[in-house]
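Q: coords24.tsv is reproduced in full below (TSV, C-alpha atoms and all ligand atoms).
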```tsv
chain	number	residue	atom	x	y	z
A	226	MET	CA	7.48	11.99	18.63
A	227	SER	CA	6.88	9.43	15.92
A	228	SER	CA	9.84	7.95	14.07
A	229	LYS	CA	7.84	8.52	10.89
A	230	ASN	CA	8.18	12.25	11.36
A	231	VAL	CA	11.94	12.38	11.70
A	232	LEU	CA	13.36	9.52	9.64
A	233	PRO	CA	13.56	9.51	5.86
A	234	LYS	CA	11.71	6.63	4.21
A	235	THR	CA	13.89	3.52	3.84
A	236	MET	CA	12.45	3.08	0.37
A	237	GLU	CA	9.72	4.57	-1.74
A	238	TYR	CA	7.96	3.48	-4.93
A	239	LYS	CA	7.05	6.57	-6.95
A	240	ASN	CA	5.81	6.85	-10.55
A	241	GLY	CA	6.90	3.29	-11.33
A	242	ASP	CA	10.39	3.54	-9.84
A	243	LEU	CA	12.00	2.42	-6.61
A	244	TYR	CA	14.00	4.90	-4.54
A	245	LEU	CA	16.30	3.71	-1.73
A	246	ILE	CA	18.34	5.45	0.94
A	247	ASP	CA	21.90	4.33	0.21
A	248	GLN	CA	22.59	2.90	3.67
A	249	THR	CA	26.30	2.48	2.96
A	250	ARG	CA	26.58	6.31	3.08
A	251	LEU	CA	24.85	6.77	6.43
A	252	PRO	CA	25.26	8.44	8.86
A	253	ASN	CA	27.35	11.03	7.05
A	254	GLU	CA	25.21	11.48	3.95
A	255	THR	CA	21.55	10.80	3.26
A	256	ILE	CA	21.55	9.95	-0.42
A	257	ILE	CA	18.36	8.72	-2.07
A	258	GLU	CA	19.21	6.54	-5.06
A	259	LYS	CA	16.75	5.84	-7.86
A	260	GLN	CA	16.86	2.22	-9.05
A	261	VAL	CA	16.81	1.88	-12.82
A	262	THR	CA	17.52	-1.78	-13.63
A	263	ILE	CA	17.13	-5.17	-11.98
A	264	GLU	CA	20.93	-5.50	-11.99
A	265	GLN	CA	21.15	-2.30	-9.98
A	266	VAL	CA	18.62	-3.63	-7.45
A	267	TRP	CA	20.61	-6.92	-7.21
A	268	ASP	CA	23.74	-4.90	-6.53
A	269	SER	CA	22.00	-2.59	-4.02
A	270	ILE	CA	20.97	-5.68	-2.04
A	271	LYS	CA	24.41	-7.32	-2.36
A	272	VAL	CA	26.42	-4.29	-1.22
A	273	LEU	CA	23.90	-3.43	1.53
A	274	LYS	CA	22.62	-0.14	0.13
A	275	VAL	CA	19.34	-1.72	1.17
A	276	ARG	CA	19.63	-4.31	3.91
A	277	GLY	CA	17.77	-5.90	6.78
A	278	ALA	CA	15.50	-8.88	6.22
A	279	PRO	CA	12.09	-7.22	5.68
A	280	ALA	CA	13.61	-4.38	3.62
A	281	ILE	CA	15.29	-6.73	1.15
A	282	GLY	CA	12.03	-8.67	0.84
A	283	ILE	CA	10.28	-5.47	-0.19
A	284	ALA	CA	13.12	-4.27	-2.44
A	285	GLY	CA	13.23	-7.69	-4.13
A	286	ALA	CA	9.52	-7.53	-4.93
A	287	TYR	CA	9.85	-4.08	-6.48
A	288	GLY	CA	13.11	-5.11	-8.15
A	289	LEU	CA	11.40	-7.99	-9.94
A	290	LEU	CA	9.20	-5.47	-11.74
A	291	TYR	CA	12.32	-4.10	-13.47
A	292	GLY	CA	13.10	-7.57	-14.77
A	293	VAL	CA	9.91	-7.82	-16.78
A	294	ARG	CA	8.79	-4.33	-17.56
A	295	ASP	CA	10.43	-4.33	-20.98
A	296	ILE	CA	8.59	-7.44	-22.17
A	297	LEU	CA	4.98	-6.43	-21.58
A	298	ASP	CA	4.05	-7.28	-25.17
A	299	ALA	CA	5.56	-10.79	-24.93
A	300	PRO	CA	3.29	-13.86	-24.90
A	301	VAL	CA	2.27	-14.85	-21.36
A	302	ASP	CA	4.32	-18.07	-21.27
A	303	LYS	CA	7.45	-16.14	-22.23
A	304	PHE	CA	6.63	-13.43	-19.66
A	305	MET	CA	6.20	-16.07	-16.94
A	306	GLN	CA	9.44	-17.81	-17.87
A	307	VAL	CA	11.41	-14.55	-17.66
A	308	LEU	CA	9.65	-13.62	-14.42
A	309	LYS	CA	10.80	-16.88	-12.81
A	310	GLU	CA	14.37	-16.50	-14.12
A	311	LYS	CA	14.58	-12.94	-12.82
A	312	ALA	CA	13.17	-13.97	-9.44
A	313	ALA	CA	15.90	-16.63	-9.14
A	314	TYR	CA	18.50	-14.04	-10.16
A	315	LEU	CA	17.44	-11.55	-7.47
A	316	ASP	CA	17.22	-14.34	-4.90
A	317	SER	CA	20.91	-15.11	-5.56
A	318	SER	CA	21.98	-11.72	-4.16
A	319	ARG	CA	21.84	-12.76	-0.48
A	320	PRO	CA	21.04	-16.21	0.94
A	321	THR	CA	20.26	-15.92	4.65
A	322	ALA	CA	17.25	-13.62	5.09
A	323	VAL	CA	14.21	-15.65	4.07
A	324	ASN	CA	12.21	-12.49	3.39
A	325	LEU	CA	13.91	-12.06	0.01
A	326	SER	CA	12.89	-15.46	-1.34
A	327	TRP	CA	9.54	-15.16	0.46
A	328	GLY	CA	8.77	-11.89	-1.35
A	329	LEU	CA	9.92	-13.20	-4.72
A	330	LYS	CA	7.96	-16.45	-4.35
A	331	ARG	CA	4.90	-14.45	-3.41
A	332	MET	CA	5.25	-12.35	-6.57
A	333	VAL	CA	5.62	-15.40	-8.83
A	334	ALA	CA	2.71	-17.17	-7.10
A	335	LYS	CA	0.56	-14.07	-7.63
A	336	ALA	CA	1.40	-14.03	-11.35
A	337	GLU	CA	0.43	-17.69	-11.57
A	338	THR	CA	-3.08	-16.87	-10.35
A	339	CYS	CA	-3.54	-14.41	-13.24
A	340	THR	CA	-5.34	-16.59	-15.76
A	341	ASP	CA	-6.75	-15.07	-18.95
A	342	MET	CA	-4.65	-11.93	-18.65
A	343	THR	CA	-2.11	-10.33	-20.96
A	344	SER	CA	1.48	-9.87	-19.83
A	345	GLU	CA	0.79	-6.18	-19.37
A	346	GLU	CA	-2.21	-6.94	-17.14
A	347	ILE	CA	-0.15	-9.41	-15.09
A	348	TYR	CA	2.51	-6.73	-14.66
A	349	LYS	CA	-0.09	-4.35	-13.22
A	350	VAL	CA	-1.20	-7.03	-10.75
A	351	LEU	CA	2.44	-7.61	-9.77
A	352	GLU	CA	3.00	-3.92	-9.23
A	353	GLN	CA	0.05	-3.87	-6.81
A	354	GLU	CA	1.41	-7.00	-5.09
A	355	ALA	CA	4.80	-5.34	-4.46
A	356	ILE	CA	3.03	-2.29	-3.06
A	357	ALA	CA	0.91	-4.61	-0.87
A	358	ILE	CA	4.06	-6.34	0.48
A	359	HIS	CA	5.45	-2.91	1.35
A	360	GLU	CA	2.25	-1.66	2.98
A	361	GLU	CA	1.67	-4.89	4.91
A	362	ASP	CA	5.17	-4.63	6.39
A	363	LYS	CA	4.20	-1.26	7.90
A	364	ILE	CA	1.27	-2.91	9.66
A	365	LEU	CA	3.41	-5.84	10.85
A	366	CYS	CA	5.98	-3.47	12.33
A	367	LYS	CA	3.28	-1.46	14.06
A	368	LYS	CA	1.82	-4.61	15.60
A	369	MET	CA	5.24	-5.88	16.74
A	370	GLY	CA	5.69	-2.47	18.37
A	371	GLU	CA	2.38	-2.73	20.19
A	372	ASN	CA	3.06	-6.30	21.31
A	373	GLY	CA	6.64	-5.68	22.44
A	374	ALA	CA	6.36	-2.21	24.00
A	375	PRO	CA	4.86	-3.41	27.32
A	376	LEU	CA	8.14	-5.31	27.95
A	377	ILE	CA	10.00	-1.99	28.11
A	378	LYS	CA	9.52	-0.38	31.50
A	379	GLU	CA	10.54	3.02	32.77
A	380	GLY	CA	14.29	3.24	33.47
A	381	MET	CA	15.25	0.00	31.74
A	382	GLY	CA	18.44	-0.56	29.74
A	383	VAL	CA	17.86	-2.39	26.45
A	384	LEU	CA	20.69	-3.78	24.35
A	385	THR	CA	20.37	-4.37	20.62
A	386	HIS	CA	22.73	-5.72	17.98
A	387	CYS	CA	23.07	-4.72	14.32
A	388	ASN	CA	20.21	-2.69	12.84
A	389	ALA	CA	16.77	-4.19	13.08
A	390	GLY	CA	15.40	-0.70	12.85
A	391	SER	CA	13.30	1.44	10.62
A	392	LEU	CA	16.07	1.23	8.03
A	393	ALA	CA	15.80	-2.56	7.95
A	394	THR	CA	12.05	-2.51	7.25
A	395	SER	CA	9.37	-0.31	5.72
A	396	GLU	CA	9.33	1.77	8.91
A	397	LEU	CA	9.59	1.37	12.72
A	398	GLY	CA	11.72	-1.75	12.47
A	399	THR	CA	11.37	-5.07	14.25
A	400	ALA	CA	13.62	-4.91	17.34
A	401	THR	CA	13.19	-1.15	17.44
A	402	ALA	CA	9.39	-1.16	16.98
A	403	PRO	CA	8.77	-1.81	20.70
A	404	MET	CA	11.34	0.91	21.47
A	405	TYR	CA	9.66	3.50	19.23
A	406	THR	CA	6.23	2.55	20.55
A	407	ALA	CA	7.32	2.77	24.21
A	408	HIS	CA	9.15	6.04	23.51
A	409	ASN	CA	6.08	7.52	21.83
A	410	ALA	CA	4.06	6.53	24.89
A	411	GLY	CA	6.42	8.56	27.07
A	412	VAL	CA	8.39	5.69	28.65
A	413	LYS	CA	11.98	6.69	29.42
A	414	PHE	CA	14.59	4.00	28.89
A	415	ARG	CA	18.15	3.65	27.63
A	416	VAL	CA	19.28	1.73	24.58
A	417	TYR	CA	22.80	0.31	24.15
A	418	SER	CA	23.61	-0.21	20.50
A	419	ASP	CA	26.33	-2.76	19.65
A	420	GLU	CA	28.62	-1.34	16.99
A	421	THR	CA	28.38	-4.62	15.01
A	422	ARG	CA	31.66	-5.41	13.31
A	423	PRO	CA	32.56	-5.68	10.51
A	424	LEU	CA	30.11	-3.37	8.72
A	425	LEU	CA	29.02	-1.33	11.74
A	426	GLN	CA	25.27	-1.37	11.21
A	427	GLY	CA	24.82	-0.64	14.94
A	428	ALA	CA	27.11	2.38	14.89
A	429	ARG	CA	26.15	3.77	11.50
A	430	LEU	CA	22.43	2.94	11.39
A	431	THR	CA	20.84	2.02	14.75
A	432	SER	CA	22.58	4.80	16.66
A	433	TRP	CA	21.68	7.23	13.88
A	434	GLU	CA	17.99	6.44	13.73
A	435	LEU	CA	17.44	6.16	17.49
A	436	GLN	CA	19.32	9.38	18.14
A	437	LYS	CA	17.34	11.17	15.42
A	438	SER	CA	14.13	9.92	17.02
A	439	GLY	CA	15.07	11.28	20.44
A	440	ILE	CA	15.68	7.91	22.13
A	441	ASP	CA	18.47	7.80	24.73
A	442	VAL	CA	21.04	5.65	22.87
A	443	THR	CA	24.62	4.79	23.79
A	444	LEU	CA	26.99	3.18	21.31
A	445	ILE	CA	29.29	0.40	22.52
A	446	CYS	CA	31.81	-1.81	20.73
A	447	ASP	CA	30.68	-5.42	20.49
A	448	ASN	CA	33.32	-6.56	22.96
A	449	MET	CA	31.96	-4.20	25.63
A	450	ALA	CA	28.60	-5.94	25.96
A	451	ALA	CA	29.74	-8.35	28.69
A	452	HIS	CA	31.20	-5.53	30.76
A	453	ILE	CA	28.11	-3.34	30.38
A	454	MET	CA	25.89	-6.28	31.34
A	455	SER	CA	28.08	-7.08	34.36
A	456	GLN	CA	27.50	-3.54	35.59
A	457	GLY	CA	23.75	-4.15	35.74
A	458	LEU	CA	23.01	-1.67	32.96
A	459	ILE	CA	21.07	-4.05	30.73
A	460	ASP	CA	17.61	-5.35	31.67
A	461	MET	CA	16.68	-6.84	28.33
A	462	VAL	CA	18.07	-7.62	24.89
A	463	ILE	CA	15.95	-7.21	21.76
A	464	VAL	CA	17.35	-8.16	18.36
A	465	GLY	CA	15.90	-8.84	14.92
A	466	THR	CA	16.35	-11.93	12.82
A	467	ASP	CA	16.86	-12.93	9.20
A	468	ARG	CA	15.24	-16.33	9.45
A	469	VAL	CA	13.48	-18.24	12.20
A	470	ALA	CA	13.61	-22.00	11.73
A	471	ALA	CA	10.64	-24.20	12.61
A	472	ASN	CA	12.23	-25.12	15.96
A	473	GLY	CA	12.78	-21.47	16.94
A	474	ASP	CA	16.51	-21.27	16.17
A	475	VAL	CA	17.15	-17.74	14.88
A	476	ALA	CA	19.71	-16.52	12.37
A	477	ASN	CA	20.77	-12.93	12.86
A	478	LYS	CA	23.79	-10.71	12.34
A	479	ILE	CA	27.09	-12.26	13.35
A	480	GLY	CA	27.64	-11.71	17.05
A	481	THR	CA	24.02	-12.19	18.06
A	482	MET	CA	24.65	-15.68	19.45
A	483	GLY	CA	27.42	-14.29	21.65
A	484	VAL	CA	25.04	-11.66	23.01
A	485	ALA	CA	22.45	-14.39	23.73
A	486	ILE	CA	25.03	-16.48	25.62
A	487	LEU	CA	26.06	-13.43	27.63
A	488	ALA	CA	22.42	-12.61	28.37
A	489	LYS	CA	21.90	-16.13	29.71
A	490	HIS	CA	25.01	-15.83	31.90
A	491	PHE	CA	23.76	-12.58	33.41
A	492	GLY	CA	20.11	-13.70	33.68
A	493	ILE	CA	18.93	-11.07	31.18
A	494	PRO	CA	15.87	-11.84	28.99
A	495	PHE	CA	16.77	-12.20	25.30
A	496	TYR	CA	13.96	-11.33	22.88
A	497	VAL	CA	13.86	-11.63	19.12
A	498	ALA	CA	11.40	-9.54	17.10
A	499	CYS	CA	10.22	-10.55	13.64
A	500	PRO	CA	7.24	-10.49	11.30
A	501	SER	CA	5.66	-13.60	9.77
A	502	SER	CA	7.68	-13.00	6.56
A	503	THR	CA	10.83	-13.99	8.50
A	504	VAL	CA	9.45	-17.28	9.85
A	505	ASP	CA	10.48	-20.25	7.73
A	506	LEU	CA	8.64	-23.39	8.76
A	507	ASN	CA	10.23	-25.20	5.80
A	508	THR	CA	13.65	-24.94	7.46
A	509	PRO	CA	13.60	-27.45	10.33
A	510	THR	CA	16.51	-26.12	12.43
A	511	GLY	CA	19.17	-23.45	12.45
A	512	ALA	CA	21.68	-25.96	11.08
A	513	ASP	CA	19.71	-25.91	7.81
A	514	ILE	CA	20.05	-22.13	7.35
A	515	VAL	CA	22.58	-21.02	4.72
A	516	ILE	CA	24.94	-18.50	6.28
A	517	GLU	CA	26.18	-15.82	3.92
A	518	GLU	CA	29.97	-15.59	3.76
A	519	ARG	CA	31.08	-12.13	2.63
A	520	GLU	CA	34.26	-10.67	1.16
A	521	PRO	CA	37.43	-10.84	3.33
A	522	ASN	CA	38.18	-7.18	2.69
A	523	GLU	CA	35.25	-6.20	4.95
A	524	VAL	CA	37.27	-7.63	7.86
A	525	CYS	CA	40.72	-6.48	6.71
A	526	ASN	CA	39.84	-2.79	6.61
A	527	PHE	CA	38.60	-0.24	9.09
A	528	GLY	CA	37.12	2.56	7.06
A	529	ALA	CA	39.66	3.46	4.41
A	530	ARG	CA	42.57	1.99	6.39
A	531	ARG	CA	43.85	-1.54	5.93
A	532	THR	CA	44.18	-3.20	9.33
A	533	ALA	CA	45.34	-6.73	8.45
A	534	PRO	CA	48.53	-7.90	6.77
A	535	GLU	CA	48.28	-8.55	3.04
A	536	GLY	CA	47.51	-12.18	2.28
A	537	MET	CA	45.85	-12.79	5.67
A	538	LYS	CA	43.42	-15.73	5.85
A	539	VAL	CA	40.01	-14.38	6.85
A	540	ARG	CA	36.56	-15.73	7.67
A	541	ASN	CA	33.60	-13.40	7.27
A	542	PRO	CA	30.33	-15.16	8.07
A	543	ALA	CA	27.67	-12.44	8.06
A	544	PHE	CA	25.25	-14.24	10.39
A	545	ASP	CA	25.14	-16.75	13.20
A	546	VAL	CA	22.37	-18.92	14.61
A	547	THR	CA	21.17	-18.50	18.17
A	548	PRO	CA	19.78	-21.79	19.52
A	549	ASN	CA	16.14	-21.60	20.54
A	550	GLU	CA	16.88	-22.43	24.19
A	551	LEU	CA	18.54	-19.01	24.56
A	552	VAL	CA	15.47	-17.15	23.26
A	553	THR	CA	13.12	-15.85	25.97
A	554	GLY	CA	10.40	-14.94	23.48
A	555	ILE	CA	9.74	-14.05	19.85
A	556	ILE	CA	7.88	-10.76	19.46
A	557	THR	CA	5.63	-11.07	16.41
A	558	GLU	CA	2.62	-9.30	14.94
A	559	LEU	CA	0.48	-11.98	16.60
A	560	GLY	CA	1.89	-11.59	20.10
A	561	ILE	CA	4.94	-12.88	21.97
A	562	LEU	CA	5.59	-16.53	21.15
A	563	GLN	CA	7.28	-18.73	23.71
A	564	ALA	CA	8.95	-22.14	23.94
A	565	PRO	CA	8.39	-24.79	22.85
A	566	TYR	CA	8.77	-22.89	19.57
A	567	ILE	CA	8.21	-25.93	17.41
A	568	GLU	CA	4.63	-25.78	18.69
A	569	SER	CA	4.07	-22.04	19.13
A	570	LEU	CA	5.45	-21.18	15.66
A	571	ALA	CA	3.49	-23.97	13.99
A	572	SER	CA	0.23	-23.02	15.60
A	573	ALA	CA	0.77	-19.32	14.82
A	574	TYR	CA	1.85	-19.71	11.20
A	575	LYS	CA	0.88	-23.08	9.74
A	576	LYS	CA	-1.69	-22.56	6.98
A	601	LIG	O1	23.61	-7.77	6.83
A	601	LIG	P1	22.40	-7.00	7.23
A	601	LIG	O2	22.69	-5.60	7.62
A	601	LIG	O3	21.29	-7.12	6.21
A	601	LIG	O4	21.89	-7.76	8.54
A	601	LIG	C1	20.68	-7.35	9.12
A	601	LIG	C2	20.35	-8.06	10.37
A	601	LIG	O5	21.03	-8.98	10.78
A	601	LIG	C3	19.09	-7.66	11.06
A	601	LIG	O6	19.20	-7.82	12.43
A	601	LIG	C4	17.94	-8.55	10.54
A	601	LIG	O7	17.86	-8.49	9.15
A	601	LIG	C5	16.65	-8.20	11.13
A	601	LIG	S1	16.05	-6.74	10.36
A	601	LIG	C6	14.62	-6.21	10.94
```
Could you write out this structure as structure tokens?

A:
Amino acid sequence: MSSKNVLPKTMEYKNGDLYLIDQTRLPNETIIEKQVTIEQVWDSIKVLKVRGAPAIGIAGAYGLLYGVRDILDAPVDKFMQVLKEKAAYLDSSRPTAVNLSWGLKRMVAKAETCTDMTSEEIYKVLEQEAIAIHEEDKILCKKMGENGAPLIKEGMGVLTHCNAGSLATSELGTATAPMYTAHNAGVKFRVYSDETRPLLQGARLTSWELQKSGIDVTLICDNMAAHIMSQGLIDMVIVGTDRVAANGDVANKIGTMGVAILAKHFGIPFYVACPSSTVDLNTPTGADIVIEEREPNEVCNFGARRTAPEGMKVRNPAFDVTPNELVTGIITELGILQAPYIESLASAYKK
């Protein structure tokens, strides 16, 4: 069974408008929300209606169209100035996933190649570029699936953290692409999905999409991973990432580094899956990655119920950085890269 057949599209561009599944409402409600303004797209990214590194790269590219579609009769220099301002505005919604700034930079760079065109003509080129970013992501996910699937053998237990699934990309996901590909090839394996406090992407999203796709998935709380590993139930970890630094350090959802340390303790291979749009050779190491700090109330509440005393001091870093020495391999569209990452990433991606 293909995930494409059972999962709703993460996002769709139809008749000049972007439609997103509101991921904050899953798994209880599948609400498709039409985006109408660039401010709405900014907010959808900020509040995680659309989330996951590749998905926000795609949404950002489409979102930028809203920022300039009312000024198609403006002179080109004015159009370009507004385009750049709006790209910077959308980029301010979330800092850690490089895909967002990558997509926006790609859109602006494309516009800059449009010499001797009117603003309206540039807009049409940009619309095609956003569609291309979206379509290319589908191919990248498919290739990551093909490259990573052979790692998953019959009977294995695979642990994942957060949602690096179909919902975090155009389709198929990054960490889940090898799972969907292996599953479609008839391989039987078990997935353990970390709940992923505080916003529960593992419980609400990964469990939902894997279950819907017919994959054997078991939900665990984050603090159960060590116990489950100690029982010999996990043969491999596969996670996604929001940014891979030039030395192979990987930022991903908070808690990922802990999983990597546990995997090392138990001798379990720890794989990271990502497309080229997540590799940032301009960021030398993980220490240079900006970690998003989110609102304290995400930690002080469990569902509708407040769980911390009023006035409590809270930290809410949304990501952590796993040092490259804990990463067994990086599953990419080009194959599985291995240490030393400073060399393998550079030779795979340097232009
Ligand atoms: O805060 P989120 O839900 O956007 O965090 C998402 C993750 O950390 C994913 O693992 C990452 O973006 C990889 S997505 C293919």

Q: Please, which residues have at least one atom within 7 Å of an atom of ligand LIG 601 (chain A), using only C-alpha atoms and all ligand atoms, listed as a PDB file with C-alpha atoms, in the frame of the given file?

A:
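Result written to pocket_10.pdb:
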```pdb
ATOM      1  CA  LEU A 273      23.900  -3.430   1.530  1.00  0.00           C
ATOM      2  CA  ARG A 276      19.630  -4.310   3.910  1.00  0.00           C
ATOM      3  CA  GLY A 277      17.770  -5.900   6.780  1.00  0.00           C
ATOM      4  CA  ALA A 278      15.500  -8.880   6.220  1.00  0.00           C
ATOM      5  CA  PRO A 279      12.090  -7.220   5.680  1.00  0.00           C
ATOM      6  CA  ALA A 322      17.250 -13.620   5.090  1.00  0.00           C
ATOM      7  CA  HIS A 386      22.730  -5.720  17.980  1.00  0.00           C
ATOM      8  CA  CYS A 387      23.070  -4.720  14.320  1.00  0.00           C
ATOM      9  CA  ASN A 388      20.210  -2.690  12.840  1.00  0.00           C
ATOM     10  CA  ALA A 389      16.770  -4.190  13.080  1.00  0.00           C
ATOM     11  CA  GLY A 390      15.400  -0.700  12.850  1.00  0.00           C
ATOM     12  CA  ALA A 393      15.800  -2.560   7.950  1.00  0.00           C
ATOM     13  CA  THR A 394      12.050  -2.510   7.250  1.00  0.00           C
ATOM     14  CA  GLY A 398      11.720  -1.750  12.470  1.00  0.00           C
ATOM     15  CA  THR A 399      11.370  -5.070  14.250  1.00  0.00           C
ATOM     16  CA  ALA A 400      13.620  -4.910  17.340  1.00  0.00           C
ATOM     17  CA  GLN A 426      25.270  -1.370  11.210  1.00  0.00           C
ATOM     18  CA  VAL A 464      17.350  -8.160  18.360  1.00  0.00           C
ATOM     19  CA  GLY A 465      15.900  -8.840  14.920  1.00  0.00           C
ATOM     20  CA  THR A 466      16.350 -11.930  12.820  1.00  0.00           C
ATOM     21  CA  ASP A 467      16.860 -12.930   9.200  1.00  0.00           C
ATOM     22  CA  ASN A 477      20.770 -12.930  12.860  1.00  0.00           C
ATOM     23  CA  LYS A 478      23.790 -10.710  12.340  1.00  0.00           C
ATOM     24  CA  CYS A 499      10.220 -10.550  13.640  1.00  0.00           C
ATOM     25  CA  ALA A 543      27.670 -12.440   8.060  1.00  0.00           C
ATOM     26  CA  PHE A 544      25.250 -14.240  10.390  1.00  0.00           C
TER      27      PHE A 544
END
```

Q: Choose the residue, out of A:Ala488, A:Val333, A:Val552, A:Ile459, that has the smallest atom-to-atom separation from A:Leu290; count only C-alpha atoms.

A: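 The closest residue to A:Leu290 is A:Val333.
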
Q: Residues proximal to (0.6, -4.9, -13.8) were defined as those with any atom within 12 Å of that point in the file's coordinates, counting all atoms listed in the file. Which are they, as an mmCIF file with C-alpha atoms, in the frame of the given file?

A:
```cif
data_model
loop_
_atom_site.group_PDB
_atom_site.id
_atom_site.type_symbol
_atom_site.label_atom_id
_atom_site.label_comp_id
_atom_site.auth_asym_id
_atom_site.auth_seq_id
_atom_site.Cartn_x
_atom_site.Cartn_y
_atom_site.Cartn_z
ATOM 1 C CA GLY A 241 6.900 3.290 -11.330
ATOM 2 C CA TYR A 287 9.850 -4.080 -6.480
ATOM 3 C CA LEU A 289 11.400 -7.990 -9.940
ATOM 4 C CA LEU A 290 9.200 -5.470 -11.740
ATOM 5 C CA TYR A 291 12.320 -4.100 -13.470
ATOM 6 C CA VAL A 293 9.910 -7.820 -16.780
ATOM 7 C CA ARG A 294 8.790 -4.330 -17.560
ATOM 8 C CA ILE A 296 8.590 -7.440 -22.170
ATOM 9 C CA LEU A 297 4.980 -6.430 -21.580
ATOM 10 C CA PHE A 304 6.630 -13.430 -19.660
ATOM 11 C CA MET A 332 5.250 -12.350 -6.570
ATOM 12 C CA LYS A 335 0.560 -14.070 -7.630
ATOM 13 C CA ALA A 336 1.400 -14.030 -11.350
ATOM 14 C CA CYS A 339 -3.540 -14.410 -13.240
ATOM 15 C CA MET A 342 -4.650 -11.930 -18.650
ATOM 16 C CA THR A 343 -2.110 -10.330 -20.960
ATOM 17 C CA SER A 344 1.480 -9.870 -19.830
ATOM 18 C CA GLU A 345 0.790 -6.180 -19.370
ATOM 19 C CA GLU A 346 -2.210 -6.940 -17.140
ATOM 20 C CA ILE A 347 -0.150 -9.410 -15.090
ATOM 21 C CA TYR A 348 2.510 -6.730 -14.660
ATOM 22 C CA LYS A 349 -0.090 -4.350 -13.220
ATOM 23 C CA VAL A 350 -1.200 -7.030 -10.750
ATOM 24 C CA LEU A 351 2.440 -7.610 -9.770
ATOM 25 C CA GLU A 352 3.000 -3.920 -9.230
ATOM 26 C CA GLN A 353 0.050 -3.870 -6.810
ATOM 27 C CA GLU A 354 1.410 -7.000 -5.090
ATOM 28 C CA ALA A 355 4.800 -5.340 -4.460
ATOM 29 C CA ILE A 356 3.030 -2.290 -3.060
#
```

Q: Looking at A:Ser501, A:Thr510, A:Ser455, A:Asn526, which one is nearest to A:Arg422, with distances taken over all atoms listed in the file?

A: A:Asn526

Q: Identify which of the residues A:Ile486, A:Ile555, A:Leu329, A:Ile377 lies closest to A:Ala313, counting only C-alpha atoms when measuring atom-to-atom distances.

A: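 Looking at the shortest contact to A:Ala313, the residue is A:Leu329.
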
Q: In Å to one decimal, how far is atom CA of A:Asp441 from atom CA of A:Leu562?

A: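 Spanning atom CA of A:Leu562 to atom CA of A:Asp441 is a straight-line distance of 27.8 Å.
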
Q: When you draw a straight line from atom CA of A:Ile281 to atom CA of A:Pro375, how long is it in Å?

A: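 It comes out at 28.4 Å.
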
Q: Which residue out of A:Val475, A:Val307, A:Ala357, A:Val515 has the minimum interatomic distance to A:Pro320 when all atoms listed in the file are used?

A: A:Val515

Q: I'd like the contact shell of A:Gly480 - 12 Å cut-off, all atoms listed in the file, skipping same-chain residues fewer than 5 positions apart - returned as a list of chain:residue names.

A: A:Thr385, A:His386, A:Cys387, A:Asp419, A:Glu420, A:Thr421, A:Arg422, A:Pro423, A:Leu425, A:Gly427, A:Cys446, A:Asp447, A:Asn448, A:Ala450, A:Val464, A:Ala485, A:Ile486, A:Leu487, A:Asn541, A:Pro542, A:Ala543, A:Phe544, A:Asp545, A:Val546, A:Thr547

Q: Would you please work out which residue, of A:Pro252, A:Gly370, A:Gly492, A:Pro500, is nearest to A:His408 when using all atoms listed in the file?

A: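 Going through A:Pro252, A:Gly370, A:Gly492, A:Pro500 one by one, the smallest distance to A:His408 is for A:Gly370.
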